[in-house]
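Engineer: Could you have a look at this structure, given as C-alpha cells, before my questions?
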Amino acid sequence: MRSRWVNKATALHLGVIAVLFALQFVLPDYHHVNLARVMVLASFAMGYNIAFGYTGLLSLGHAMFFAAGLYAAGLMALFAGVGAGGGLLLGVIAGLVVAAAVGCLALRTTGVSFMIVTLMFAQAAFLATFYFGEYTRGDEGFVIPSNLRSLFGLSLVEPTTRYFVALTLFSLCMAVSFAIARSSMGRVLAAIRENEERTRMLGYNVFLYKLVALVISGAISGAVGAAYGMLFGYVGATFASIQYSILPLLWVLMGGAATVLGPFVGTLLMFYLVDISSGFTSANMLIVGLALIGLILFFPKGILGTLRERAAPWLP
Amino acid sequence: MAAVTLLSTENLSKQFGGLTAVDGVSFTFLEGEIRALIGPNGAGKTTFVNLLSGRIPPTTGRVVFAGEDVTRLPAHTRVNRGIAYTFQITSTFAGMSALENVKLSAQRRLSTGFFGPNPDLLERVALSALDRVGLADRQDEIAGNLSYGHQRLLEVAMGLGLDPKLLILDEPTQGLSDEEIAVFVKLVREIARNASVLLIEHNMDVVMGLADTITVLDRGRILAEGTPEEIRRNDAVRRAYLGN
Ligand SMILES: Nc1ncnc2c1ncn2[C@@H]1O[C@H](COP(=O)(O)OP(=O)(O)OP(=O)(O)O)[C@@H](O)[C@H]1O
Ligand SMILES: [Mg+2]
C-alpha cells in the first residue's frame with residue numbers, strides 16, 4: 001500500500017514539472033515572465049519549508065540567507081567578473097555558511113526566542129548592506145552586467161533560457177524536499193516538530209538534526225538568492241529586509257506547511273492575488289489580507305495541508 | 001548467576017534553588033533485576049531517574065552505567081548506550097500513527113548508513129514491539145486518539161523499540177484499569193527477560209508482585225532498601241509511606 005502511495009505522489013510531482021515545462025509554449029509573454037519569477041520565489045519558499053514546515057523552526061531571518069546568496073553572486077559578478085555558474089555555487093556556499101553560523105547560535109533557543117534571534121541576525125545583515133553601501137549601493141542597489149548573466153554559454157537575459165533555468169532550480173528544490181519528506185531524516189524532523197523532548201529521549205541529537213535542516217534550508221535559500229540575481233539582474237537591499245523573511249512564511253502557510261507542493265501553490269496564489277488586485281484598486285493589500293483570512297478560515301493548514309488531512313493522505 | 005552492577009550512583013544530588021530534591025543518593029542496580037522505586041509524592045523519584053537518564057544535570061555526584069562514567073554525557077547519548085526512559089506524563093507523537101511512533105524509536109538503532117534502516121526491517125521490528133504490548137491491531141491509529149491505557153502501552157512499546165539495557169518506567173500503571181494493570185504486570189515480567197527494569201510505582205500490589213528489590217526514597221534520600229518482604233516489615237517505611 002505504501003509503495004503505491006509513493007508512486008502516486010511521484011507521478012503527481014513529475015506531472016507538475018511536466019505541466020510547467022509545457023506551459024512555456026502556450027503562455028503569453030507577460031505570464032511567461034511571471035511564472036519564471038514565481039518558480040524562483042517558490043524555490044525559496046520550498047527552502048523555507050524545510051526549516052519551518054518539516055522541522056517546525058519558525059525563522060524570521062530567511063531574508064538573510066536569500067540575500068547572502070544574492071549578494072555573494074552579485075558582488076562577485078560586479079567586482080570579480082564571476083559568471084552565473086560560479087555565482088550560483090557561491091550562493092549555495094554563502095547560504096550554507098551563514099545558516100550554519102547563525103544556526104549554531106540561534107538554535108540554542110526555541111519558540112519565540114528563536115524567532116527573535118533570527119530576526120535580529122537578519123536585521124543586522126540588512127543594516128550591513130547599508131554599512132557597506134560603497135560596494136552594495138544600499139537601497140538603490142546595482143545591476144549585474146548582462147554579459148555575465150549567462151550559463152553554459154546561454155544568456156539568462158533570454159526569456160526561454162531564463163524560464164528553463166527557473167524550472168530546473170524549481171525541480172531540484174522539489175526533489176530535495178520530496179527526498180527529505182520521504183527519508184528517515186524527514187521522520188525525525190517531523191518528530192522534533194511534534195515533541196522535541198520525546199525525540200531527544202529516543203536517542204536523537206536534536207540540536208544536530210535542527211542544524212542540518214536549517215543549513216539545507218539556508219543553502220537552498222542562498223542558491224535561490226543567487227539565481228534570482230542572475231536571472232533578473234538586480235541586487236538591492238530590499239531583498240535583505242524583513243519583508244523577504246515574512247513572504248516565504250506567508251507563501252508556505254498559504255499553500256500548506258510540510259507539503260512538498262504547498263510552497264509553490266502558496267507563492268503562485270499570492271503572486272497573482274497581488275498582481276490581479278493591484279490592477280483595479282490601490283487598496284490591493286486589503287484584498288490580499290481578506291483572502292488570507294478566508295484561507296485560514298477554510299484551510300487552516302494551508303491549501304494542500306488541509307487537502308491532505310481531508311482527502312489525500314498520501315501527499316508528501 | 002554472578003551479580004553484575006549495571007548502574008550505580010555516587011552521592012548524587014539535585015537542588016532546585018533552595019530545595020534539595022535528591023540528596024546524596026548512592027545507589028547500586030544489578031543487571032537483570034526488576035527494581036521498584038517507591039516513596040511518597042514529591043520524594044524525588046522522577047528527579048532521581050531524570051538524573052540517571054540525563055534529562056537534567058546533577059548538582060553533585062556521579063552516575064556510572066555499564067562500567068562507564070556517564071555523568072557528563074547528554075541524554076540522547078545515554079539513550080544510545082541503553083538507558084530508556086518512559087515519561088510519567090504520557091508523551092507520544094500525538095499526530096502520528098502508533099506504528100510511526102515505534103518506528104521512530106527503533107529507526108536510529110537500525111540505521112546502518114546515511115540512508116537509514118531498511119524499511120521492511122524497520123517495519124518488522126516496530127510491529128513486533130507493538131505486538132509485545134498488544135497494540136499490533138492498532139498500528140494505524142493516530143497516537144493522540146488512542147485511549148489513555150493504550151497510550152501508556154505505546155510508550156512502553158517505544159521503550160522496547162530502543163532495545164534498552166535498562167528500561168525506566170515512571171508510574172506506568174497510573175490511571176489504568178485493573179485489567180490493564182494485570183496485562184501490564186505480565187508485560188513487565190516478559191520484558192525483564194531481556195532487559196533490566198527500574199520501575200517507579202505507587203500501586204503496592206504491582207510493586208510487591210514484580211520487584212526483586214525495592215528502594216524507598218523519602219525527601220530525596222534512600223530510606224530503606226530490600227526485598228519486598230523486608231520492606232513490608234520495615235518500621236521506618238511504614239511510618240513514612242505505607243501509613244500505620
Ligand atoms: N524542575 C523543577 N524545578 C523545581 N522544583 C522541582 C522540579 N522538579 C521537581 N521539583 C521538586 O522536587 C521535588 C521532587 O519532585 P519529583 O517530581 O522528583 O517527585 P516524585 O517522587 O516523582 O513525586 P510524584 O510521586 O508526585 O511523581 C518536589 O518537591 C518537586 O516540587
Ligand atoms: Mg514523579
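Convention: chains lettered A, B, ... in C-alpha cells order; per-chain residue numbering from 1; ligands numbered from 1 as shown.
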Considering only C-alpha atoms, return as an mmCIF file with N, CA, C and O atoms, in the first residue's frame whatever protein or nucleic-acid residues lie within 10 Å of segment 64-79 of chain B, sequence-local ones (same chain, fewer than 6 positions apart) excluded.
Structural biologist:
data_model
loop_
_atom_site.group_PDB
_atom_site.id
_atom_site.type_symbol
_atom_site.label_atom_id
_atom_site.label_comp_id
_atom_site.auth_asym_id
_atom_site.auth_seq_id
_atom_site.Cartn_x
_atom_site.Cartn_y
_atom_site.Cartn_z
ATOM 1 N N THR A 199 11.702 13.229 21.324
ATOM 2 C CA THR A 199 12.656 12.846 20.278
ATOM 3 C C THR A 199 14.056 12.700 20.875
ATOM 4 O O THR A 199 14.777 11.749 20.582
ATOM 5 N N ARG A 200 14.412 13.655 21.720
ATOM 6 C CA ARG A 200 15.712 13.589 22.392
ATOM 7 C C ARG A 200 15.817 12.303 23.205
ATOM 8 O O ARG A 200 16.836 11.616 23.175
ATOM 9 N N MET A 201 14.727 11.958 23.897
ATOM 10 C CA MET A 201 14.760 10.773 24.746
ATOM 11 C C MET A 201 14.591 9.474 23.950
ATOM 12 O O MET A 201 14.510 8.401 24.528
ATOM 13 N N LEU A 202 14.528 9.582 22.634
ATOM 14 C CA LEU A 202 14.627 8.375 21.808
ATOM 15 C C LEU A 202 16.043 8.254 21.248
ATOM 16 O O LEU A 202 16.316 7.422 20.388
ATOM 17 N N GLY A 203 16.931 9.102 21.733
ATOM 18 C CA GLY A 203 18.341 8.967 21.371
ATOM 19 C C GLY A 203 18.798 9.819 20.205
ATOM 20 O O GLY A 203 19.886 9.612 19.676
ATOM 21 N N TYR A 204 17.958 10.782 19.781
ATOM 22 C CA TYR A 204 18.359 11.621 18.656
ATOM 23 C C TYR A 204 19.027 12.906 19.147
ATOM 24 O O TYR A 204 18.545 13.519 20.101
ATOM 25 N N ASN A 205 20.092 13.279 18.459
ATOM 26 C CA ASN A 205 20.736 14.545 18.752
ATOM 27 C C ASN A 205 19.925 15.656 18.090
ATOM 28 O O ASN A 205 20.138 16.010 16.926
ATOM 29 N N VAL A 206 18.985 16.174 18.840
ATOM 30 C CA VAL A 206 18.005 17.107 18.288
ATOM 31 C C VAL A 206 18.671 18.360 17.730
ATOM 32 O O VAL A 206 18.321 18.837 16.645
ATOM 33 N N VAL B 4 26.187 -8.642 38.383
ATOM 34 C CA VAL B 4 26.986 -7.602 37.729
ATOM 35 C C VAL B 4 26.278 -6.266 37.928
ATOM 36 O O VAL B 4 25.071 -6.169 37.724
ATOM 37 N N THR B 5 27.026 -5.268 38.324
ATOM 38 C CA THR B 5 26.423 -3.949 38.502
ATOM 39 C C THR B 5 26.185 -3.313 37.141
ATOM 40 O O THR B 5 27.109 -3.170 36.342
ATOM 41 N N LEU B 6 24.926 -2.946 36.879
ATOM 42 C CA LEU B 6 24.627 -2.289 35.605
ATOM 43 C C LEU B 6 24.744 -0.780 35.755
ATOM 44 O O LEU B 6 25.277 -0.091 34.898
ATOM 45 N N LEU B 7 24.224 -0.305 36.876
ATOM 46 C CA LEU B 7 24.206 1.143 37.072
ATOM 47 C C LEU B 7 24.459 1.463 38.533
ATOM 48 O O LEU B 7 23.976 0.754 39.422
ATOM 49 N N SER B 8 25.234 2.494 38.762
ATOM 50 C CA SER B 8 25.388 2.937 40.144
ATOM 51 C C SER B 8 25.510 4.447 40.185
ATOM 52 O O SER B 8 25.878 5.091 39.197
ATOM 53 N N THR B 9 25.152 4.994 41.336
ATOM 54 C CA THR B 9 25.331 6.432 41.531
ATOM 55 C C THR B 9 26.153 6.628 42.792
ATOM 56 O O THR B 9 26.118 5.800 43.703
ATOM 57 N N GLU B 10 26.901 7.707 42.790
ATOM 58 C CA GLU B 10 27.680 8.047 43.980
ATOM 59 C C GLU B 10 27.281 9.433 44.432
ATOM 60 O O GLU B 10 27.459 10.403 43.700
ATOM 61 N N LEU B 12 24.763 11.249 44.633
ATOM 62 C CA LEU B 12 24.066 12.036 43.608
ATOM 63 C C LEU B 12 23.060 13.001 44.244
ATOM 64 O O LEU B 12 22.221 12.578 45.056
ATOM 65 N N THR B 28 22.946 1.231 43.900
ATOM 66 C CA THR B 28 23.525 0.214 43.026
ATOM 67 C C THR B 28 22.411 -0.624 42.427
ATOM 68 O O THR B 28 21.486 -1.029 43.131
ATOM 69 N N PHE B 29 22.512 -0.853 41.140
ATOM 70 C CA PHE B 29 21.458 -1.566 40.417
ATOM 71 C C PHE B 29 22.099 -2.699 39.632
ATOM 72 O O PHE B 29 23.044 -2.487 38.880
ATOM 73 N N GLU B 31 22.413 -5.994 37.023
ATOM 74 C CA GLU B 31 21.924 -6.407 35.717
ATOM 75 C C GLU B 31 20.847 -7.473 35.873
ATOM 76 O O GLU B 31 20.996 -8.399 36.664
ATOM 77 N N ASN B 50 15.503 11.134 36.326
ATOM 78 C CA ASN B 50 15.925 12.139 35.337
ATOM 79 C C ASN B 50 17.435 12.330 35.364
ATOM 80 O O ASN B 50 18.054 12.595 34.333
ATOM 81 N N LEU B 51 18.006 12.203 36.533
ATOM 82 C CA LEU B 51 19.468 12.310 36.643
ATOM 83 C C LEU B 51 20.128 11.091 35.996
ATOM 84 O O LEU B 51 21.196 11.199 35.396
ATOM 85 N N LEU B 52 19.487 9.947 36.116
ATOM 86 C CA LEU B 52 20.044 8.734 35.502
ATOM 87 C C LEU B 52 19.978 8.820 33.981
ATOM 88 O O LEU B 52 20.922 8.456 33.281
ATOM 89 N N SER B 53 18.842 9.296 33.469
ATOM 90 C CA SER B 53 18.666 9.332 32.014
ATOM 91 C C SER B 53 19.319 10.563 31.395
ATOM 92 O O SER B 53 19.443 10.634 30.178
ATOM 93 N N GLY B 54 19.705 11.524 32.216
ATOM 94 C CA GLY B 54 20.393 12.696 31.694
ATOM 95 C C GLY B 54 19.472 13.813 31.262
ATOM 96 O O GLY B 54 19.910 14.764 30.614
ATOM 97 N N ARG B 55 18.198 13.719 31.567
ATOM 98 C CA ARG B 55 17.299 14.812 31.179
ATOM 99 C C ARG B 55 17.672 16.097 31.900
ATOM 100 O O ARG B 55 17.459 17.187 31.388
ATOM 101 N N ILE B 56 18.180 15.952 33.139
ATOM 102 C CA ILE B 56 18.663 17.137 33.847
ATOM 103 C C ILE B 56 20.036 16.815 34.437
ATOM 104 O O ILE B 56 20.325 15.649 34.742
ATOM 105 N N PRO B 57 20.910 17.815 34.565
ATOM 106 C CA PRO B 57 22.246 17.559 35.124
ATOM 107 C C PRO B 57 22.195 17.561 36.650
ATOM 108 O O PRO B 57 21.397 18.283 37.240
ATOM 109 N N PRO B 58 23.039 16.756 37.295
ATOM 110 C CA PRO B 58 23.040 16.752 38.759
ATOM 111 C C PRO B 58 23.772 17.972 39.308
ATOM 112 O O PRO B 58 24.557 18.602 38.589
ATOM 113 N N TYR B 85 13.893 5.772 28.870
ATOM 114 C CA TYR B 85 13.014 6.371 29.865
ATOM 115 C C TYR B 85 11.620 6.533 29.284
ATOM 116 O O TYR B 85 11.460 7.058 28.198
ATOM 117 N N LEU B 162 13.644 0.748 21.442
ATOM 118 C CA LEU B 162 15.029 1.173 21.685
ATOM 119 C C LEU B 162 15.932 -0.003 22.041
ATOM 120 O O LEU B 162 17.144 0.153 22.079
ATOM 121 N N ASP B 163 15.341 -1.135 22.331
ATOM 122 C CA ASP B 163 16.091 -2.315 22.761
ATOM 123 C C ASP B 163 17.082 -1.966 23.874
ATOM 124 O O ASP B 163 18.289 -2.165 23.735
ATOM 125 N N PRO B 164 16.563 -1.436 24.989
ATOM 126 C CA PRO B 164 17.459 -0.908 26.015
ATOM 127 C C PRO B 164 18.052 -1.996 26.914
ATOM 128 O O PRO B 164 17.524 -3.108 26.982
ATOM 129 N N LYS B 165 19.143 -1.631 27.572
ATOM 130 C CA LYS B 165 19.658 -2.493 28.638
ATOM 131 C C LYS B 165 18.862 -2.232 29.905
ATOM 132 O O LYS B 165 18.606 -3.132 30.683
ATOM 133 N N LEU B 166 18.524 -0.977 30.087
ATOM 134 C CA LEU B 166 17.776 -0.575 31.276
ATOM 135 C C LEU B 166 16.545 0.207 30.845
ATOM 136 O O LEU B 166 16.660 1.219 30.141
ATOM 137 N N LEU B 167 15.395 -0.285 31.245
ATOM 138 C CA LEU B 167 14.147 0.405 30.914
ATOM 139 C C LEU B 167 13.609 1.043 32.188
ATOM 140 O O LEU B 167 13.316 0.351 33.164
#
Engineer: Give the residues of chain A that lie within 12 Å of chain B; count only C-alpha atoms, and format the answer as a ChimeraX atom specification.
Structural biologist: /A:2-3,179-180,182-208,309
Engineer: May I have the selected residues written with N, CA, C and O atoms, as a tab-separated table (two decimals), in the first residue's frame?
Structural biologist:
chain	number	residue	atom	x	y	z
A	2	ARG	N	1.92	1.20	0.83
A	2	ARG	CA	2.78	2.35	0.95
A	2	ARG	C	3.46	2.66	-0.38
A	2	ARG	O	3.54	3.82	-0.79
A	3	SER	N	3.91	1.61	-1.08
A	3	SER	CA	4.66	1.86	-2.31
A	3	SER	C	3.74	2.43	-3.38
A	3	SER	O	4.16	3.21	-4.23
A	179	ALA	N	12.63	14.21	-1.28
A	179	ALA	CA	13.53	13.21	-0.69
A	179	ALA	C	13.56	13.33	0.83
A	179	ALA	O	13.51	12.32	1.54
A	180	ILE	N	13.61	14.56	1.32
A	180	ILE	CA	13.64	14.74	2.78
A	180	ILE	C	12.34	14.27	3.40
A	180	ILE	O	12.33	13.55	4.40
A	182	ARG	N	10.36	12.04	2.47
A	182	ARG	CA	10.21	10.59	2.44
A	182	ARG	C	11.30	9.85	3.22
A	182	ARG	O	11.21	8.64	3.41
A	183	SER	N	12.34	10.57	3.65
A	183	SER	CA	13.50	9.90	4.23
A	183	SER	C	13.32	9.63	5.72
A	183	SER	O	12.38	10.13	6.36
A	184	SER	N	14.22	8.85	6.27
A	184	SER	CA	14.16	8.63	7.71
A	184	SER	C	14.54	9.90	8.45
A	184	SER	O	14.06	10.15	9.56
A	185	MET	N	15.36	10.73	7.82
A	185	MET	CA	15.65	12.03	8.46
A	185	MET	C	14.38	12.87	8.55
A	185	MET	O	14.13	13.53	9.55
A	186	GLY	N	13.57	12.82	7.49
A	186	GLY	CA	12.32	13.57	7.49
A	186	GLY	C	11.42	13.14	8.64
A	186	GLY	O	10.74	13.97	9.25
A	187	ARG	N	11.42	11.85	8.92
A	187	ARG	CA	10.60	11.34	10.02
A	187	ARG	C	11.09	11.91	11.35
A	187	ARG	O	10.29	12.30	12.20
A	188	VAL	N	12.40	12.00	11.51
A	188	VAL	CA	12.95	12.56	12.75
A	188	VAL	C	12.63	14.05	12.85
A	188	VAL	O	12.27	14.55	13.92
A	189	LEU	N	12.73	14.76	11.72
A	189	LEU	CA	12.41	16.19	11.74
A	189	LEU	C	10.96	16.41	12.16
A	189	LEU	O	10.65	17.29	12.96
A	190	ALA	N	10.07	15.58	11.62
A	190	ALA	CA	8.66	15.70	11.99
A	190	ALA	C	8.47	15.40	13.47
A	190	ALA	O	7.66	16.04	14.15
A	191	ALA	N	9.24	14.45	13.98
A	191	ALA	CA	9.16	14.12	15.40
A	191	ALA	C	9.62	15.30	16.25
A	191	ALA	O	8.99	15.64	17.26
A	192	ILE	N	10.69	15.95	15.81
A	192	ILE	CA	11.18	17.12	16.55
A	192	ILE	C	10.11	18.21	16.56
A	192	ILE	O	9.86	18.84	17.58
A	193	ARG	N	9.47	18.40	15.41
A	193	ARG	CA	8.42	19.41	15.32
A	193	ARG	C	7.29	19.10	16.29
A	193	ARG	O	6.75	19.97	16.93
A	194	GLU	N	6.97	17.83	16.43
A	194	GLU	CA	5.84	17.47	17.29
A	194	GLU	C	6.18	17.44	18.76
A	194	GLU	O	5.38	17.85	19.61
A	195	ASN	N	7.34	16.90	19.10
A	195	ASN	CA	7.66	16.69	20.51
A	195	ASN	C	9.17	16.55	20.66
A	195	ASN	O	9.72	15.45	20.58
A	196	GLU	N	9.79	17.68	20.86
A	196	GLU	CA	11.25	17.72	20.85
A	196	GLU	C	11.86	16.88	21.97
A	196	GLU	O	12.82	16.13	21.76
A	197	GLU	N	11.29	17.01	23.16
A	197	GLU	CA	11.86	16.31	24.31
A	197	GLU	C	11.75	14.79	24.14
A	197	GLU	O	12.67	14.04	24.46
A	198	ARG	N	10.63	14.34	23.59
A	198	ARG	CA	10.46	12.91	23.38
A	198	ARG	C	11.47	12.41	22.35
A	198	ARG	O	12.03	11.32	22.48
A	199	THR	N	11.70	13.23	21.32
A	199	THR	CA	12.66	12.85	20.28
A	199	THR	C	14.06	12.70	20.87
A	199	THR	O	14.78	11.75	20.58
A	200	ARG	N	14.41	13.66	21.72
A	200	ARG	CA	15.71	13.59	22.39
A	200	ARG	C	15.82	12.30	23.21
A	200	ARG	O	16.84	11.62	23.18
A	201	MET	N	14.73	11.96	23.90
A	201	MET	CA	14.76	10.77	24.75
A	201	MET	C	14.59	9.47	23.95
A	201	MET	O	14.51	8.40	24.53
A	202	LEU	N	14.53	9.58	22.63
A	202	LEU	CA	14.63	8.37	21.81
A	202	LEU	C	16.04	8.25	21.25
A	202	LEU	O	16.32	7.42	20.39
A	203	GLY	N	16.93	9.10	21.73
A	203	GLY	CA	18.34	8.97	21.37
A	203	GLY	C	18.80	9.82	20.20
A	203	GLY	O	19.89	9.61	19.68
A	204	TYR	N	17.96	10.78	19.78
A	204	TYR	CA	18.36	11.62	18.66
A	204	TYR	C	19.03	12.91	19.15
A	204	TYR	O	18.54	13.52	20.10
A	205	ASN	N	20.09	13.28	18.46
A	205	ASN	CA	20.74	14.55	18.75
A	205	ASN	C	19.92	15.66	18.09
A	205	ASN	O	20.14	16.01	16.93
A	206	VAL	N	18.98	16.17	18.84
A	206	VAL	CA	18.01	17.11	18.29
A	206	VAL	C	18.67	18.36	17.73
A	206	VAL	O	18.32	18.84	16.65
A	207	PHE	N	19.66	18.86	18.45
A	207	PHE	CA	20.35	20.07	18.00
A	207	PHE	C	20.96	19.86	16.62
A	207	PHE	O	20.81	20.68	15.72
A	208	LEU	N	21.61	18.71	16.45
A	208	LEU	CA	22.28	18.43	15.19
A	208	LEU	C	21.27	18.31	14.04
A	208	LEU	O	21.49	18.85	12.95
A	309	GLU	N	-5.20	16.44	4.81
A	309	GLU	CA	-5.90	15.99	6.00
A	309	GLU	C	-7.27	15.40	5.66
A	309	GLU	O	-7.69	14.41	6.21
Engineer: If DSSP is run on the backbone, what residues of segment 63-292 of chain A are strand (DSSP E)? A reply as a PyMOL selection string would be ideal.
Structural biologist: chain A and resi 142-143+150-151+154-155+234-235
Engineer: Those same residues - all heavy atoms - I'd like them written as a PDB file, in the first residue's frame.
Structural biologist:
ATOM      1  N   PHE A 142      22.256  47.582  -7.326  1.00  0.00           N
ATOM      2  CA  PHE A 142      23.025  47.652  -8.573  1.00  0.00           C
ATOM      3  C   PHE A 142      22.533  46.577  -9.535  1.00  0.00           C
ATOM      4  O   PHE A 142      21.824  45.647  -9.154  1.00  0.00           O
ATOM      5  CB  PHE A 142      24.523  47.480  -8.298  1.00  0.00           C
ATOM      6  CG  PHE A 142      24.909  46.183  -7.642  1.00  0.00           C
ATOM      7  CD1 PHE A 142      25.206  45.056  -8.413  1.00  0.00           C
ATOM      8  CD2 PHE A 142      24.997  46.091  -6.250  1.00  0.00           C
ATOM      9  CE1 PHE A 142      25.578  43.866  -7.802  1.00  0.00           C
ATOM     10  CE2 PHE A 142      25.360  44.900  -5.646  1.00  0.00           C
ATOM     11  CZ  PHE A 142      25.654  43.784  -6.409  1.00  0.00           C
ATOM     12  N   VAL A 143      22.937  46.758 -10.761  1.00  0.00           N
ATOM     13  CA  VAL A 143      22.521  45.830 -11.819  1.00  0.00           C
ATOM     14  C   VAL A 143      23.704  44.947 -12.169  1.00  0.00           C
ATOM     15  O   VAL A 143      24.839  45.414 -12.257  1.00  0.00           O
ATOM     16  CB  VAL A 143      22.059  46.635 -13.055  1.00  0.00           C
ATOM     17  CG1 VAL A 143      21.869  45.724 -14.261  1.00  0.00           C
ATOM     18  CG2 VAL A 143      20.755  47.366 -12.733  1.00  0.00           C
ATOM     19  N   SER A 150      25.166  34.613 -17.875  1.00  0.00           N
ATOM     20  CA  SER A 150      24.979  33.508 -18.817  1.00  0.00           C
ATOM     21  C   SER A 150      25.500  32.210 -18.221  1.00  0.00           C
ATOM     22  O   SER A 150      26.425  32.202 -17.411  1.00  0.00           O
ATOM     23  CB  SER A 150      25.673  33.813 -20.147  1.00  0.00           C
ATOM     24  OG  SER A 150      27.041  33.530 -20.051  1.00  0.00           O
ATOM     25  N   LEU A 151      24.820  31.131 -18.597  1.00  0.00           N
ATOM     26  CA  LEU A 151      25.116  29.822 -18.029  1.00  0.00           C
ATOM     27  C   LEU A 151      25.351  28.859 -19.190  1.00  0.00           C
ATOM     28  O   LEU A 151      24.506  28.738 -20.070  1.00  0.00           O
ATOM     29  CB  LEU A 151      23.908  29.373 -17.193  1.00  0.00           C
ATOM     30  CG  LEU A 151      24.108  28.261 -16.176  1.00  0.00           C
ATOM     31  CD1 LEU A 151      25.117  28.662 -15.111  1.00  0.00           C
ATOM     32  CD2 LEU A 151      22.777  27.920 -15.514  1.00  0.00           C
ATOM     33  N   LEU A 154      24.636  30.145 -22.507  1.00  0.00           N
ATOM     34  CA  LEU A 154      23.279  30.605 -22.833  1.00  0.00           C
ATOM     35  C   LEU A 154      22.973  31.852 -22.004  1.00  0.00           C
ATOM     36  O   LEU A 154      23.180  31.863 -20.791  1.00  0.00           O
ATOM     37  CB  LEU A 154      22.255  29.515 -22.514  1.00  0.00           C
ATOM     38  CG  LEU A 154      22.390  28.225 -23.325  1.00  0.00           C
ATOM     39  CD1 LEU A 154      21.534  27.123 -22.720  1.00  0.00           C
ATOM     40  CD2 LEU A 154      21.994  28.482 -24.772  1.00  0.00           C
ATOM     41  N   SER A 155      22.462  32.870 -22.660  1.00  0.00           N
ATOM     42  CA  SER A 155      22.192  34.110 -21.954  1.00  0.00           C
ATOM     43  C   SER A 155      20.910  34.010 -21.116  1.00  0.00           C
ATOM     44  O   SER A 155      19.859  33.616 -21.609  1.00  0.00           O
ATOM     45  CB  SER A 155      22.058  35.257 -22.943  1.00  0.00           C
ATOM     46  OG  SER A 155      21.567  36.390 -22.252  1.00  0.00           O
ATOM     47  N   TYR A 234      19.063  42.210 -10.915  1.00  0.00           N
ATOM     48  CA  TYR A 234      19.123  43.317  -9.970  1.00  0.00           C
ATOM     49  C   TYR A 234      19.417  42.818  -8.557  1.00  0.00           C
ATOM     50  O   TYR A 234      18.864  41.810  -8.107  1.00  0.00           O
ATOM     51  CB  TYR A 234      17.798  44.088  -9.990  1.00  0.00           C
ATOM     52  CG  TYR A 234      17.663  45.076  -8.861  1.00  0.00           C
ATOM     53  CD1 TYR A 234      18.403  46.265  -8.860  1.00  0.00           C
ATOM     54  CD2 TYR A 234      16.815  44.816  -7.793  1.00  0.00           C
ATOM     55  CE1 TYR A 234      18.289  47.160  -7.810  1.00  0.00           C
ATOM     56  CE2 TYR A 234      16.699  45.713  -6.749  1.00  0.00           C
ATOM     57  CZ  TYR A 234      17.442  46.890  -6.752  1.00  0.00           C
ATOM     58  OH  TYR A 234      17.340  47.759  -5.723  1.00  0.00           O
ATOM     59  N   VAL A 235      20.292  43.551  -7.861  1.00  0.00           N
ATOM     60  CA  VAL A 235      20.639  43.236  -6.469  1.00  0.00           C
ATOM     61  C   VAL A 235      20.400  44.487  -5.636  1.00  0.00           C
ATOM     62  O   VAL A 235      20.934  45.546  -5.951  1.00  0.00           O
ATOM     63  CB  VAL A 235      22.132  42.821  -6.365  1.00  0.00           C
ATOM     64  CG1 VAL A 235      22.513  42.574  -4.903  1.00  0.00           C
ATOM     65  CG2 VAL A 235      22.402  41.590  -7.204  1.00  0.00           C
TER      66      VAL A 235
END
Engineer: Could I get the residue neighbourhood of ligand 2 at 12 Å, counting only C-alpha atoms and all ligand atoms, as a list in words?
Structural biologist: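 With only C-alpha atoms and all ligand atoms and a cut-off of 12 Å, ligand 2 is contacted by Ala21, Leu37, Ile38, Gly39, Pro40, Asn41, Gly42, Ala43, Gly44, Lys45, Thr46, Thr47, Phe48, Val49, Asn50, Thr86, Phe87, Gln88, Ile89, Leu169, Asp170, Glu171, Pro172, Gln174, Leu199, Ile200, Glu201, His202 and Leu217 of chain B.
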Engineer: From a backbone DSSP assignment, name each residue in segment 32-244 of chain B labelled helix (DSSP H, G or I), as an MDAnalysis selection string.
Structural biologist: chainID B and resid 45:53 75:81 98:110 119:132 136:138 143:145 148:161 178:191 204:210 228:233 235:242
Engineer: Identify, on the basis of only C-alpha atoms, every residue whose closest approach to Leu70 of chain A does not exceed 9 Å; exclude the query and any residue fewer than 6 positions from it along the same chain; express the result as a PyMOL selection string.
Structural biologist: chain A and resi 87-88+91+222-230+235-236+239
Engineer: Could you check how far atom CA of Gly289 of chain A sits from atom CA of Lys301 of chain A, in Å to one decimal?
Structural biologist: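 Rounded to one decimal, the two atoms are 16.9 Å apart.
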Engineer: Excluding segment 45-60 of chain A and residues on its chain fewer than 4 positions from it, collect all residues at most 6 Å away from it, counting only C-alpha atoms, and give them as a count of residues only.
Structural biologist: 16
Engineer: Restricting the calculation to only C-alpha atoms and all ligand atoms: of B:Arg193, B:Asn203, B:Leu122, B:Asp212, which residue gets closest to ligand 1?
Structural biologist: B:Asn203
Engineer: Please compute the atom CA of Leu23 of chain A-atom CA of Tyr163 of chain A distance, one decimal, in Å.
Structural biologist: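 Taking atom CA of Leu23 of chain A and atom CA of Tyr163 of chain A, their separation equals 10.3 Å.
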Engineer: So that I can check the surroundings of segment 92-101 of chain A, please list as a count of residues only every protein, DNA and RNA residue that reaches within 6 Å of it, counting only C-alpha atoms and ignoring chain neighbours fewer than 2 positions away.
Structural biologist: 12
Engineer: Go through B:His150, B:Arg221, B:Arg35, B:Arg232 one by one, measure the shortest atom-to-atom distance of each to ligand 1 using only C-alpha atoms and all ligand atoms, and give the residue with the smallest value.
Structural biologist: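 Residue with the minimum atom-to-atom distance to ligand 1: B:Arg221.
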Engineer: Please provide the set of residues having any atom within 8 Å of Val207 of chain B, restricted to only C-alpha atoms, with same-chain residues fewer than 6 positions apart removed, written as a PyMOL selection string.
Structural biologist: chain B and resi 36+201+214+228
Engineer: Between B:Glu225, B:Asp23, B:Asp131, B:Glu141, which is the closest to ligand 1 once you count only C-alpha atoms and all ligand atoms?
Structural biologist: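 Of B:Glu225, B:Asp23, B:Asp131, B:Glu141, the one nearest ligand 1, counting only C-alpha atoms and all ligand atoms, is B:Asp23.
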Engineer: Given only C-alpha atoms as the basis, pick out the residue of A:Ala124, A:Leu20, A:Leu41, A:Ala291 nearest to Val274 of chain A.
Structural biologist: A:Ala291
Engineer: Which neighbours of Gly305 of chain A fall inside 8 Å, counting only C-alpha atoms, when residues of the same chain fewer than 5 positions from it are skipped, and could you give them as a list in words?
Structural biologist: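 Here the answer would be Gly255, Gly256, Ala257, Ala258, Thr259, Gly262 and Phe299 of chain A.
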